[in-house]
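S.K.: As input, take model-v4.tsv (TSV, C-alpha atoms and all ligand atoms):
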chain	number	residue	atom	x	y	z
A	1	MET	CA	12.41	19.73	3.30
A	2	THR	CA	8.86	18.76	2.41
A	3	ALA	CA	6.85	17.50	5.35
A	4	ARG	CA	5.18	14.24	4.48
A	5	ARG	CA	2.38	12.99	6.71
A	6	LYS	CA	2.94	9.39	7.69
A	7	LEU	CA	0.47	6.89	6.23
A	8	ILE	CA	-0.23	3.46	7.70
A	9	ALA	CA	-2.26	1.09	5.54
A	10	ALA	CA	-3.72	-2.24	6.61
A	11	ASN	CA	-3.77	-5.00	4.01
A	12	TRP	CA	-6.14	-7.65	5.29
A	13	LYS	CA	-5.55	-9.77	2.16
A	14	MET	CA	-8.16	-12.56	1.77
A	15	ASN	CA	-9.03	-12.63	5.47
A	16	GLY	CA	-12.01	-11.56	7.55
A	17	SER	CA	-15.67	-12.32	8.15
A	18	ARG	CA	-18.52	-9.98	9.08
A	19	ALA	CA	-18.22	-11.05	12.72
A	20	ALA	CA	-14.43	-10.78	12.87
A	21	ASN	CA	-14.46	-7.40	11.10
A	22	ALA	CA	-17.09	-6.05	13.51
A	23	ALA	CA	-14.94	-7.06	16.49
A	24	TRP	CA	-11.84	-5.50	14.86
A	25	LEU	CA	-13.73	-2.25	14.16
A	26	THR	CA	-15.04	-2.02	17.74
A	27	GLU	CA	-11.51	-2.34	19.10
A	28	PHE	CA	-10.03	0.00	16.49
A	29	ARG	CA	-12.64	2.71	17.14
A	30	ALA	CA	-11.49	2.91	20.77
A	31	GLY	CA	-7.89	3.67	19.71
A	32	ARG	CA	-6.02	6.93	19.08
A	33	TRP	CA	-3.55	7.85	16.34
A	34	SER	CA	-2.29	10.95	14.62
A	35	CYS	CA	-1.11	9.67	11.22
A	36	ASP	CA	-3.17	9.03	8.06
A	37	VAL	CA	-4.71	5.54	8.07
A	38	ALA	CA	-6.18	3.35	5.32
A	39	VAL	CA	-7.74	-0.08	5.83
A	40	CYS	CA	-7.80	-2.29	2.73
A	41	ALA	CA	-10.30	-5.13	2.90
A	42	PRO	CA	-11.78	-7.71	0.51
A	43	PHE	CA	-14.34	-6.15	-1.87
A	44	VAL	CA	-17.41	-7.69	-0.21
A	45	TYR	CA	-16.60	-6.13	3.16
A	46	LEU	CA	-16.07	-2.56	1.88
A	47	PRO	CA	-19.57	-1.30	2.84
A	48	GLN	CA	-19.15	-2.77	6.33
A	49	LEU	CA	-15.73	-1.14	6.59
A	50	ARG	CA	-17.01	2.23	5.31
A	51	ASP	CA	-19.74	2.24	7.96
A	52	GLY	CA	-17.41	1.01	10.68
A	53	LEU	CA	-14.81	3.71	9.96
A	54	ALA	CA	-17.38	6.53	9.70
A	55	GLY	CA	-16.32	9.55	11.72
A	56	LEU	CA	-12.77	8.25	12.22
A	57	ALA	CA	-9.57	9.60	10.70
A	58	ALA	CA	-9.22	6.37	8.72
A	59	GLU	CA	-10.36	5.60	5.18
A	60	PRO	CA	-11.48	2.35	3.51
A	61	GLY	CA	-9.50	0.83	0.66
A	62	ALA	CA	-9.65	-2.12	-1.72
A	63	GLN	CA	-6.82	-4.47	-2.68
A	64	ASN	CA	-7.24	-4.54	-6.44
A	65	LEU	CA	-9.31	-3.05	-9.27
A	66	ALA	CA	-10.01	-3.91	-12.88
A	67	ALA	CA	-7.85	-2.42	-15.61
A	68	GLU	CA	-11.05	-1.84	-17.63
A	69	THR	CA	-14.01	0.50	-17.43
A	70	PRO	CA	-17.36	-1.14	-16.53
A	71	GLY	CA	-18.69	-3.66	-19.04
A	72	ALA	CA	-18.47	-7.34	-20.01
A	73	PHE	CA	-15.64	-8.44	-17.70
A	74	THR	CA	-17.08	-11.30	-15.64
A	75	GLY	CA	-15.79	-11.39	-12.09
A	76	GLU	CA	-13.98	-8.06	-12.20
A	77	VAL	CA	-14.62	-4.96	-10.06
A	78	ALA	CA	-14.24	-1.50	-11.63
A	79	GLY	CA	-12.74	1.54	-9.95
A	80	GLU	CA	-16.06	3.34	-10.47
A	81	MET	CA	-17.73	0.71	-8.27
A	82	LEU	CA	-15.16	1.17	-5.53
A	83	ILE	CA	-15.86	4.91	-5.52
A	84	ASP	CA	-19.59	4.14	-5.49
A	85	VAL	CA	-19.29	2.19	-2.22
A	86	GLY	CA	-17.22	4.90	-0.53
A	87	CYS	CA	-13.74	3.49	-1.09
A	88	LYS	CA	-10.84	6.01	-1.10
A	89	TRP	CA	-7.73	3.86	-1.56
A	90	VAL	CA	-6.75	0.81	-3.59
A	91	ILE	CA	-3.64	-1.35	-3.40
A	92	VAL	CA	-2.19	-1.89	-6.87
A	93	GLY	CA	0.51	-4.33	-7.94
A	94	HIS	CA	0.92	-6.19	-4.67
A	95	SER	CA	3.58	-8.88	-5.12
A	96	GLU	CA	0.94	-11.58	-4.60
A	97	ARG	CA	-0.98	-10.18	-7.60
A	98	ARG	CA	2.21	-10.00	-9.63
A	99	ALA	CA	3.41	-13.51	-8.73
A	100	LEU	CA	0.14	-15.47	-8.46
A	101	TYR	CA	-2.10	-13.65	-10.97
A	102	GLY	CA	0.43	-12.70	-13.60
A	103	GLU	CA	0.22	-8.92	-13.24
A	104	THR	CA	3.00	-7.36	-15.31
A	105	ASN	CA	4.75	-4.06	-14.68
A	106	ASP	CA	2.62	-2.46	-17.40
A	107	LEU	CA	-0.70	-3.88	-16.16
A	108	VAL	CA	0.10	-2.57	-12.68
A	109	ALA	CA	0.76	0.86	-14.19
A	110	VAL	CA	-2.51	0.71	-16.18
A	111	LYS	CA	-4.40	-0.11	-12.97
A	112	ALA	CA	-2.71	2.75	-11.10
A	113	ALA	CA	-3.72	5.14	-13.90
A	114	ARG	CA	-7.30	3.78	-13.77
A	115	ALA	CA	-7.39	4.42	-10.04
A	116	PHE	CA	-6.35	8.05	-10.59
A	117	ALA	CA	-8.90	8.39	-13.42
A	118	VAL	CA	-11.81	7.56	-11.10
A	119	GLY	CA	-10.50	9.49	-8.08
A	120	LEU	CA	-9.10	6.61	-6.04
A	121	LYS	CA	-5.71	6.93	-4.34
A	122	PRO	CA	-3.58	3.93	-5.36
A	123	ILE	CA	-0.92	2.43	-3.11
A	124	VAL	CA	1.40	1.19	-5.84
A	125	CYS	CA	3.61	-1.69	-4.70
A	126	VAL	CA	7.09	-2.53	-5.94
A	127	GLY	CA	9.73	-4.93	-4.65
A	128	GLU	CA	12.28	-7.60	-5.52
A	129	THR	CA	12.33	-11.35	-4.84
A	130	LEU	CA	15.03	-13.00	-2.74
A	131	ALA	CA	16.71	-14.41	-5.87
A	132	GLU	CA	16.77	-10.94	-7.43
A	133	ARG	CA	18.27	-9.43	-4.26
A	134	GLU	CA	20.89	-12.15	-3.96
A	135	ALA	CA	21.85	-11.60	-7.60
A	136	GLY	CA	22.41	-7.90	-6.82
A	137	GLY	CA	19.42	-6.86	-8.92
A	138	THR	CA	17.27	-5.06	-6.36
A	139	LEU	CA	17.61	-1.51	-7.63
A	140	GLU	CA	17.32	-2.60	-11.26
A	141	VAL	CA	14.11	-4.61	-10.63
A	142	VAL	CA	12.48	-1.88	-8.57
A	143	GLY	CA	13.68	0.73	-11.06
A	144	ALA	CA	11.98	-1.11	-13.94
A	145	GLN	CA	8.75	-1.46	-11.93
A	146	MET	CA	8.86	2.28	-11.20
A	147	ASP	CA	9.69	3.16	-14.83
A	148	ALA	CA	6.49	1.41	-15.94
A	149	VAL	CA	4.44	3.38	-13.39
A	150	LEU	CA	6.04	6.69	-14.41
A	151	LYS	CA	5.14	6.04	-18.07
A	152	ARG	CA	1.44	6.21	-17.16
A	153	CYS	CA	1.25	8.28	-13.95
A	154	SER	CA	2.84	11.60	-13.04
A	155	VAL	CA	4.84	12.29	-9.89
A	156	VAL	CA	2.27	14.97	-9.04
A	157	GLN	CA	-0.43	12.29	-9.09
A	158	LEU	CA	1.67	9.93	-6.98
A	159	ALA	CA	2.07	12.71	-4.41
A	160	GLN	CA	-1.72	12.46	-3.86
A	161	ALA	CA	-1.46	8.69	-3.29
A	162	ALA	CA	1.42	6.45	-2.16
A	163	LEU	CA	4.09	3.99	-3.23
A	164	ALA	CA	4.99	0.92	-1.18
A	165	TYR	CA	8.36	-0.81	-1.24
A	166	GLU	CA	7.76	-4.41	-0.23
A	167	PRO	CA	10.68	-6.81	-0.60
A	168	VAL	CA	8.96	-10.10	-1.52
A	169	TRP	CA	11.29	-12.05	0.79
A	170	ALA	CA	10.04	-10.02	3.78
A	171	ILE	CA	6.30	-10.47	3.17
A	172	GLY	CA	4.66	-12.77	5.67
A	173	THR	CA	8.00	-14.38	6.44
A	174	GLY	CA	8.84	-12.68	9.72
A	175	ARG	CA	12.02	-11.54	8.01
A	176	THR	CA	11.98	-7.71	7.91
A	177	ALA	CA	14.38	-5.67	5.83
A	178	THR	CA	16.74	-3.80	8.14
A	179	PRO	CA	15.96	-0.07	8.34
A	180	ALA	CA	19.16	0.57	6.35
A	181	GLN	CA	18.25	-1.96	3.64
A	182	ALA	CA	14.81	-0.41	3.27
A	183	GLN	CA	16.11	3.17	3.36
A	184	GLU	CA	18.57	2.40	0.55
A	185	VAL	CA	15.74	1.34	-1.77
A	186	HIS	CA	13.40	4.13	-0.65
A	187	ALA	CA	16.11	6.70	-1.40
A	188	ALA	CA	16.68	5.15	-4.84
A	189	ILE	CA	12.94	5.32	-5.58
A	190	ARG	CA	12.85	8.98	-4.52
A	191	ALA	CA	15.88	9.75	-6.69
A	192	GLN	CA	14.08	8.16	-9.63
A	193	LEU	CA	10.97	10.25	-8.89
A	194	ALA	CA	13.18	13.35	-8.73
A	195	ARG	CA	14.64	12.60	-12.18
A	196	ALA	CA	11.05	12.61	-13.49
A	197	ASP	CA	9.89	15.66	-11.49
A	198	ALA	CA	12.33	17.31	-9.10
A	199	SER	CA	9.75	19.58	-7.49
A	200	ALA	CA	7.09	16.92	-6.72
A	201	ALA	CA	9.34	13.98	-5.70
A	202	GLY	CA	9.71	15.21	-2.13
A	203	ALA	CA	5.94	15.07	-1.60
A	204	VAL	CA	5.46	11.38	-2.54
A	205	ARG	CA	4.94	9.03	0.39
A	206	ILE	CA	6.91	5.80	0.13
A	207	LEU	CA	5.65	3.13	2.56
A	208	TYR	CA	7.64	0.10	3.66
A	209	GLY	CA	5.92	-3.29	3.81
A	210	GLY	CA	7.09	-6.73	4.86
A	211	SER	CA	6.73	-8.17	8.38
A	212	VAL	CA	6.20	-4.78	10.04
A	213	LYS	CA	5.23	-5.39	13.68
A	214	PRO	CA	4.74	-3.18	16.75
A	215	GLY	CA	8.30	-4.08	17.80
A	216	ASN	CA	10.11	-2.98	14.63
A	217	ALA	CA	7.84	-0.21	13.31
A	218	LYS	CA	9.47	2.74	15.07
A	219	GLU	CA	12.98	2.26	13.75
A	220	LEU	CA	11.71	1.67	10.22
A	221	PHE	CA	9.54	4.81	10.29
A	222	ALA	CA	12.49	6.83	11.63
A	223	GLN	CA	14.33	6.49	8.31
A	224	PRO	CA	14.32	9.70	6.27
A	225	ASP	CA	12.57	8.23	3.20
A	226	ILE	CA	10.19	5.80	4.94
A	227	ASP	CA	6.84	7.54	5.19
A	228	GLY	CA	4.77	4.83	6.83
A	229	GLY	CA	3.90	1.19	6.31
A	230	LEU	CA	1.75	-1.33	4.46
A	231	ILE	CA	0.85	-3.86	7.10
A	232	GLY	CA	-0.31	-7.41	6.34
A	233	GLY	CA	-0.36	-10.02	9.11
A	234	ALA	CA	-0.10	-7.55	11.99
A	235	SER	CA	-3.07	-5.54	10.67
A	236	LEU	CA	-5.45	-8.42	11.41
A	237	VAL	CA	-5.03	-7.84	15.14
A	238	ALA	CA	-6.55	-4.44	15.95
A	239	ALA	CA	-4.28	-3.85	18.96
A	240	ASP	CA	-1.15	-4.55	16.89
A	241	PHE	CA	-2.33	-2.35	14.04
A	242	LEU	CA	-3.10	0.47	16.49
A	243	ALA	CA	0.34	0.10	18.06
A	244	ILE	CA	1.92	0.44	14.60
A	245	CYS	CA	-0.21	3.54	13.88
A	246	GLN	CA	0.99	5.00	17.17
A	247	ALA	CA	4.62	4.26	16.25
A	248	ALA	CA	4.08	6.52	13.23
B	1	LIG	P1	3.13	-8.76	6.04
B	1	LIG	O1	2.49	-8.37	4.62
B	1	LIG	O2	3.04	-7.54	6.90
B	1	LIG	O3	2.26	-9.90	6.54
B	1	LIG	O4	4.54	-9.20	5.79
B	1	LIG	C1	2.71	-7.12	4.04
B	1	LIG	C2	2.00	-7.08	2.70
B	1	LIG	O5	1.99	-8.09	2.00
B	1	LIG	O6	1.42	-6.03	2.31
Now that the file is in, can you turn its structure into structure tokens?
M.R.:
Amino acid sequence: MTARRKLIAANWKMNGSRAANAAWLTEFRAGRWSCDVAVCAPFVYLPQLRDGLAGLAAEPGAQNLAAETPGAFTGEVAGEMLIDVGCKWVIVGHSERRALYGETNDLVAVKAARAFAVGLKPIVCVGETLAEREAGGTLEVVGAQMDAVLKRCSVVQLAQAALAYEPVWAIGTGRTATPAQAQEVHAAIRAQLARADASAAGAVRILYGGSVKPGNAKELFAQPDIDGGLIGGASLVAADFLAICQAA
């Protein structure tokens, strides 16, 4: 069996201020963990985050990038610019971007490929809505999202980055998927990766996201195909985020 190092990624979403981030970083720097860690902040705070994480086993990440190369795209931020400010990771295809900003399966895949092209490690998010789950469509929806990614990115590339399964109904709702519910989807994603590339599929980290908290992290991360977490609300409190890193 391939050993996959656990990865815990913070998704601060559109939260933070220079003062609040500085306090978070001071508390975080005093902590201990032994997994890989990424902290994904709003664009404007990336230099502060890079400096605050310097010397730690934790890397800065963004939450989005442009699908285009630099040029006349008012308001967009290119992957090249993220690299330029010391960013290592980028969240791609978060359900909020899909639902609120119209990102399609193909656009998400284009952005993931752009991230790889500039040397960023994308955390590519997939997941079904409550209506899709209740209609029995979970594996079909996630399968189609993954198909789009696999048209533009190889499994070998994904093994250098991460996927995140985030059921939309569990995000910010306090309603976590049970470990068994999550494991079922993670195993299906890995089987799909294996159909594309049997030798590399075992090396791809698949994170779970959706109301992960210090109290439920351990049993989620104990599942065979859950390789860490993408943490929203609980990542805003340094002590909670550290506790989740320690659970991994
Ligand atoms: P949550 O968010 O942990 O607040 O549910 C997870 C995410 O949206 O990445």
S.K.: Point out the residue among A:Leu25, A:Trp89, A:Val141, A:Asp36 with the least atom-to-atom distance to Lys6 in chain A, counting only C-alpha atoms.
M.R.: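 The answer is A:Asp36, which sits nearest to Lys6 in chain A.
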S.K.: If we count only C-alpha atoms and set the cut-off at 8 Å, which residues sit around Arg205 in chain A, ignoring sequence neighbours fewer than 5 positions away in its own chain? Please answer as a ChimeraX atom specification.
M.R.: /A:4-7,159,161-163,226-228
S.K.: If I take CA of Ala164 in chain A and CA of Ile206 in chain A, how far is one from the other in Å, to one decimal?
M.R.: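 Result for CA of Ala164 in chain A versus CA of Ile206 in chain A: 5.4 Å, one decimal.
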S.K.: Counting all atoms listed in the file, which residue out of A:Gly209, A:Gly61, A:Gly202, A:Gly229 sits closest to Arg175 in chain A?
M.R.: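 When distances to Arg175 in chain A are compared using all atoms listed in the file, the smallest one comes from A:Gly209.
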S.K.: Could you check the closest approach to Ile83 in chain A for each of A:Phe43, A:Tyr101, A:Trp24, A:Phe221 and tell me which residue wins, using all atoms listed in the file?
M.R.: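 Using all atoms listed in the file, the shortest distance to Ile83 in chain A belongs to A:Phe43.
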S.K.: Could the residues that lie within 10 Å of ligand LIG 1 (chain B), counting all atoms listed in the file, be listed as a VMD selection string?
M.R.: chain A and resid 9 to 13 40 63 91 94 to 96 125 164 to 176 208 to 213 229 to 236
S.K.: Out of A:Ala135, A:Val77, A:Ala238, A:Ala243, which residue has the shortest atom-to-atom distance to Ala22 in chain A when counting all atoms listed in the file?
M.R.: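 Nearest to Ala22 in chain A: A:Ala238.
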S.K.: Calculated over only C-alpha atoms, which of the candidates A:Ala247, A:Ile189, A:Ala72, A:Val149 has the smallest distance to Asp106 in chain A?
M.R.: A:Val149
S.K.: Report, in Å to a single decimal, how far apart CA of Val110 in chain A and CA of Asp147 in chain A are.
M.R.: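 Atom-to-atom, CA of Asp147 in chain A and CA of Val110 in chain A are spaced 12.5 Å apart.
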S.K.: (-10.9, -4.6, -4.9) in this file's frame - what residues fall within 12 Å of it? Use all atoms listed in the file and give the answer as a ChimeraX atom specification.
M.R.: /A:11-14,40-46,60-67,75-83,85,87-94,97,111,115,120,122
S.K.: Go through A:Val156, A:Ser34, A:Val185, A:Leu130 and flag the residue nearest Ala198 in chain A, using all atoms listed in the file for the distances.
M.R.: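 Under the stated criterion, the closest residue is A:Val156.
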S.K.: CA of Ala54 in chain A and CA of Arg29 in chain A are how many Å apart?
M.R.: 9.6 Å
S.K.: For Gln145 in chain A, list every protein, DNA or RNA residue within 10 Å, evaluated using all atoms listed in the file, and leave out those in the same chain fewer than 2 positions away; present the list as a list of chain:residue names.
M.R.: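 Here the qualifying residues turn out to be A:Gly93, A:Thr104, A:Asn105, A:Asp106, A:Val108, A:Ala109, A:Val124, A:Cys125, A:Val126, A:Gly127, A:Glu128, A:Leu139, A:Glu140, A:Val141, A:Val142, A:Gly143, A:Asp147, A:Ala148, A:Val149, A:Leu150.
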S.K.: For Leu53 in chain A, find every residue with an atom within 10 Å (counting all atoms listed in the file), except residues of its own chain fewer than 4 positions away, and show them as a VMD selection string.
M.R.: chain A and resid 25 to 26 28 to 29 38 to 39 47 to 49 57 to 60
